[in-house]
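Enquirer: What follows is a structure written as structure tokens; I'll ask about it next.
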Amino acid sequence: MGITVESIQAGDGKHYPSQRQTVTLHYVGYLDRAGEQKFDSTWDRGPIDPKTKKPVGRPFKFRIHSGQVVKGWDEGVSQLSLGEKARITMTAGGEELEGEGCCGPHRHAVDYAYGERGIPGLIPPNATLYLEVTLIAIH
């Protein structure tokens, strides 16, 4: 449980995003490993190309490890090098970590996706997500 990253196309192997850097990427998100249940895509956004009558795409940007996205995005994208295309699989939760709290040692589940809440009308509760991601810039 957690995340897995499977490289589809190698990046430059030199430039990896670090904490608090902003990344720009394209992705397609699926609810199934076969890629038949798409729930979102940056390629489906942006202005319409007059020739194809389809969106030209609008990349997604976020700052690594800043709380802007769920843990699976941060952990997965930080493993990609510039230009890399990869499949990131993230589970909704279940990985238990030990830690110290106000009342001593305890265990808690970590969500890498959207957990029990899901995103109503888009991502069901406790869904495992399959993302095909291309890292196109690191700022």
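Each chain in the structure tokens gets a letter, A, B, ..., in the order shown, and its residues are numbered from 1; ligands are numbered from 1 in order too.
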With only C-alpha atoms as the counted atoms, please give the residues lying no more than 12 Å from stretch 57-59 of chain A, apart from itself and same-chain residues fewer than 3 positions off, as a PyMOL selection string.
Expert: chain A and resi 23-28+40-49+54+62+133-137
Enquirer: Go through stretch 24-139 of chain A and flag each residue having an atom no more than 6 Å from stretch 6-18 of chain A; for those, report the closest pair of atoms plus their distance in Å to one decimal, using only C-alpha atoms, ordered by chain and rising number, as CSV.
Expert:
residue,atom,partner,partner_atom,distance
A:Ser78,CA,A:Pro17,CA,5.4
A:Ser81,CA,A:Tyr16,CA,4.6
A:Leu82,CA,A:Gly11,CA,5.2
A:Gly83,CA,A:Gly11,CA,4.3
A:Glu84,CA,A:Gly11,CA,3.7
A:Lys85,CA,A:Gln9,CA,5.0
A:Ala86,CA,A:Ser7,CA,4.2
A:Arg87,CA,A:Glu6,CA,5.1
Enquirer: Take the residues from that selection and write them out as an mmCIF file, in the first residue's frame, keeping all heavy atoms.
Expert:
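What follows is the written file part-v3.cif:
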data_model
loop_
_atom_site.group_PDB
_atom_site.id
_atom_site.type_symbol
_atom_site.label_atom_id
_atom_site.label_comp_id
_atom_site.auth_asym_id
_atom_site.auth_seq_id
_atom_site.Cartn_x
_atom_site.Cartn_y
_atom_site.Cartn_z
ATOM 1 N N SER A 78 7.878 13.474 -6.838
ATOM 2 C CA SER A 78 9.235 13.790 -6.381
ATOM 3 C C SER A 78 10.245 12.722 -6.798
ATOM 4 O O SER A 78 11.452 12.965 -6.758
ATOM 5 C CB SER A 78 9.264 14.008 -4.868
ATOM 6 O OG SER A 78 8.922 12.832 -4.187
ATOM 7 N N SER A 81 12.269 12.318 -12.791
ATOM 8 C CA SER A 81 13.226 13.299 -13.298
ATOM 9 C C SER A 81 12.572 14.071 -14.443
ATOM 10 O O SER A 81 11.574 13.620 -15.036
ATOM 11 C CB SER A 81 14.522 12.633 -13.755
ATOM 12 O OG SER A 81 14.337 11.835 -14.899
ATOM 13 N N LEU A 82 13.120 15.220 -14.738
ATOM 14 C CA LEU A 82 12.572 16.112 -15.750
ATOM 15 C C LEU A 82 12.369 15.379 -17.077
ATOM 16 O O LEU A 82 13.278 14.712 -17.569
ATOM 17 C CB LEU A 82 13.501 17.304 -15.950
ATOM 18 C CG LEU A 82 13.012 18.398 -16.882
ATOM 19 C CD1 LEU A 82 11.699 19.006 -16.370
ATOM 20 C CD2 LEU A 82 14.071 19.473 -17.022
ATOM 21 N N GLY A 83 11.154 15.469 -17.616
ATOM 22 C CA GLY A 83 10.823 14.824 -18.881
ATOM 23 C C GLY A 83 10.317 13.400 -18.751
ATOM 24 O O GLY A 83 9.851 12.815 -19.736
ATOM 25 N N GLU A 84 10.385 12.831 -17.567
ATOM 26 C CA GLU A 84 9.972 11.437 -17.382
ATOM 27 C C GLU A 84 8.459 11.280 -17.469
ATOM 28 O O GLU A 84 7.700 12.122 -17.006
ATOM 29 C CB GLU A 84 10.448 10.922 -16.021
ATOM 30 C CG GLU A 84 10.187 9.441 -15.810
ATOM 31 C CD GLU A 84 10.887 8.870 -14.597
ATOM 32 O OE1 GLU A 84 11.590 9.625 -13.888
ATOM 33 O OE2 GLU A 84 10.738 7.658 -14.368
ATOM 34 N N LYS A 85 8.049 10.183 -18.089
ATOM 35 C CA LYS A 85 6.645 9.776 -18.101
ATOM 36 C C LYS A 85 6.567 8.500 -17.280
ATOM 37 O O LYS A 85 7.364 7.579 -17.475
ATOM 38 C CB LYS A 85 6.150 9.529 -19.520
ATOM 39 C CG LYS A 85 4.688 9.129 -19.572
ATOM 40 C CD LYS A 85 4.200 8.988 -21.002
ATOM 41 C CE LYS A 85 2.716 8.667 -21.025
ATOM 42 N NZ LYS A 85 2.221 8.564 -22.419
ATOM 43 N N ALA A 86 5.617 8.464 -16.350
ATOM 44 C CA ALA A 86 5.517 7.317 -15.455
ATOM 45 C C ALA A 86 4.074 7.057 -15.067
ATOM 46 O O ALA A 86 3.217 7.929 -15.189
ATOM 47 C CB ALA A 86 6.340 7.547 -14.194
ATOM 48 N N ARG A 87 3.830 5.844 -14.605
ATOM 49 C CA ARG A 87 2.546 5.495 -14.019
ATOM 50 C C ARG A 87 2.727 5.499 -12.513
ATOM 51 O O ARG A 87 3.567 4.790 -11.971
ATOM 52 C CB ARG A 87 2.082 4.118 -14.472
ATOM 53 C CG ARG A 87 0.807 3.692 -13.739
ATOM 54 C CD ARG A 87 0.287 2.405 -14.263
ATOM 55 N NE ARG A 87 -0.593 2.757 -15.365
ATOM 56 C CZ ARG A 87 -1.611 2.024 -15.757
ATOM 57 N NH1 ARG A 87 -1.856 0.880 -15.172
ATOM 58 N NH2 ARG A 87 -2.376 2.406 -16.744
#
Enquirer: Show me, as a list in words, the residues that have an atom within 12 Å of A:Tyr114 when counting only C-alpha atoms, minus same-chain residues fewer than 4 positions from it.
Expert: Gly2, Val69, Val70, Lys71, Gly72, Trp73, Met90, Thr91, Ala92, Gly93, Gly94, Val110, Gly118, Ile119, Pro120, Leu122, Ile123, Pro124, Pro125, Asn126, Ala127, Thr128 and Leu129 of chain A
Enquirer: To test your reading of the structure, identify every residue in chain A that backbone DSSP assigns to alpha helix (DSSP H), and report it as a PyMOL selection string.
Expert: chain A and resi 71-77
Enquirer: Using N, CA and C atoms, can you export the residues from the last selection as a tab-separated table (two decimals), in the first residue's frame?
Expert:
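What ended up in result05.tsv:
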chain	number	residue	atom	x	y	z
A	71	LYS	N	-0.91	13.19	-0.56
A	71	LYS	CA	0.42	12.64	-0.34
A	71	LYS	C	0.95	11.83	-1.53
A	72	GLY	N	0.08	11.11	-2.22
A	72	GLY	CA	0.52	10.31	-3.37
A	72	GLY	C	1.13	11.14	-4.48
A	73	TRP	N	0.56	12.32	-4.72
A	73	TRP	CA	1.13	13.23	-5.72
A	73	TRP	C	2.54	13.65	-5.30
A	74	ASP	N	2.68	14.13	-4.07
A	74	ASP	CA	3.99	14.59	-3.58
A	74	ASP	C	5.04	13.48	-3.65
A	75	GLU	N	4.69	12.33	-3.10
A	75	GLU	CA	5.64	11.22	-3.04
A	75	GLU	C	5.99	10.68	-4.43
A	76	GLY	N	4.99	10.57	-5.30
A	76	GLY	CA	5.23	10.02	-6.63
A	76	GLY	C	6.00	10.95	-7.53
A	77	VAL	N	5.55	12.18	-7.65
A	77	VAL	CA	6.18	13.14	-8.58
A	77	VAL	C	7.60	13.47	-8.13
Enquirer: A:Thr89: which residues within 6 Å, counting only C-alpha atoms, same-chain residues fewer than 5 positions away excluded, as a list in words?
Expert: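 Residues near the query, excluding close chain neighbours: Ile3, Thr4, Leu129 and Tyr130 of chain A.
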Enquirer: I need the residues from that last selection saved to file as a PDB file, in the first residue's frame (with all heavy atoms), if you can.
Expert:
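The resulting file, part_30.pdb, is reproduced below:
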ATOM      1  N   ILE A   3       2.351   4.138  -2.500  1.00  0.00           N
ATOM      2  CA  ILE A   3       2.485   4.487  -3.907  1.00  0.00           C
ATOM      3  C   ILE A   3       3.503   3.574  -4.581  1.00  0.00           C
ATOM      4  O   ILE A   3       4.408   3.042  -3.939  1.00  0.00           O
ATOM      5  CB  ILE A   3       2.929   5.950  -4.126  1.00  0.00           C
ATOM      6  CG1 ILE A   3       4.320   6.185  -3.549  1.00  0.00           C
ATOM      7  CG2 ILE A   3       1.931   6.924  -3.577  1.00  0.00           C
ATOM      8  CD1 ILE A   3       5.087   7.239  -4.282  1.00  0.00           C
ATOM      9  N   THR A   4       3.337   3.409  -5.878  1.00  0.00           N
ATOM     10  CA  THR A   4       4.356   2.777  -6.714  1.00  0.00           C
ATOM     11  C   THR A   4       4.533   3.669  -7.930  1.00  0.00           C
ATOM     12  O   THR A   4       3.593   4.319  -8.392  1.00  0.00           O
ATOM     13  CB  THR A   4       3.975   1.352  -7.171  1.00  0.00           C
ATOM     14  OG1 THR A   4       2.739   1.409  -7.883  1.00  0.00           O
ATOM     15  CG2 THR A   4       3.838   0.407  -6.001  1.00  0.00           C
ATOM     16  N   LEU A 129      -5.901   5.008  -7.188  1.00  0.00           N
ATOM     17  CA  LEU A 129      -5.812   5.827  -8.391  1.00  0.00           C
ATOM     18  C   LEU A 129      -4.599   5.438  -9.209  1.00  0.00           C
ATOM     19  O   LEU A 129      -3.540   5.130  -8.664  1.00  0.00           O
ATOM     20  CB  LEU A 129      -5.738   7.303  -8.019  1.00  0.00           C
ATOM     21  CG  LEU A 129      -6.862   7.829  -7.132  1.00  0.00           C
ATOM     22  CD1 LEU A 129      -6.653   9.309  -6.854  1.00  0.00           C
ATOM     23  CD2 LEU A 129      -8.218   7.581  -7.765  1.00  0.00           C
ATOM     24  N   TYR A 130      -4.760   5.488 -10.526  1.00  0.00           N
ATOM     25  CA  TYR A 130      -3.700   5.173 -11.476  1.00  0.00           C
ATOM     26  C   TYR A 130      -3.488   6.411 -12.346  1.00  0.00           C
ATOM     27  O   TYR A 130      -4.393   6.813 -13.071  1.00  0.00           O
ATOM     28  CB  TYR A 130      -4.098   3.973 -12.338  1.00  0.00           C
ATOM     29  CG  TYR A 130      -4.430   2.758 -11.510  1.00  0.00           C
ATOM     30  CD1 TYR A 130      -5.727   2.537 -11.052  1.00  0.00           C
ATOM     31  CD2 TYR A 130      -3.434   1.846 -11.150  1.00  0.00           C
ATOM     32  CE1 TYR A 130      -6.028   1.427 -10.267  1.00  0.00           C
ATOM     33  CE2 TYR A 130      -3.736   0.742 -10.364  1.00  0.00           C
ATOM     34  CZ  TYR A 130      -5.033   0.539  -9.926  1.00  0.00           C
ATOM     35  OH  TYR A 130      -5.329  -0.548  -9.153  1.00  0.00           O
TER      36      TYR A 130
END
Enquirer: From the list A:Val56, A:Leu131, A:Ile138, A:Val5, which residue is nearest A:Arg20 when using only C-alpha atoms?
Expert: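 Of A:Val56, A:Leu131, A:Ile138, A:Val5, the one nearest A:Arg20 is A:Ile138, counting only C-alpha atoms.
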Enquirer: Looking only at strand (DSSP E) from DSSP on the backbone, list the matching residues of chain A as a ChimeraX atom specification.
Expert: /A:3-9,22-30,38-41,60-63,85-90,95-101,104-110,129-138
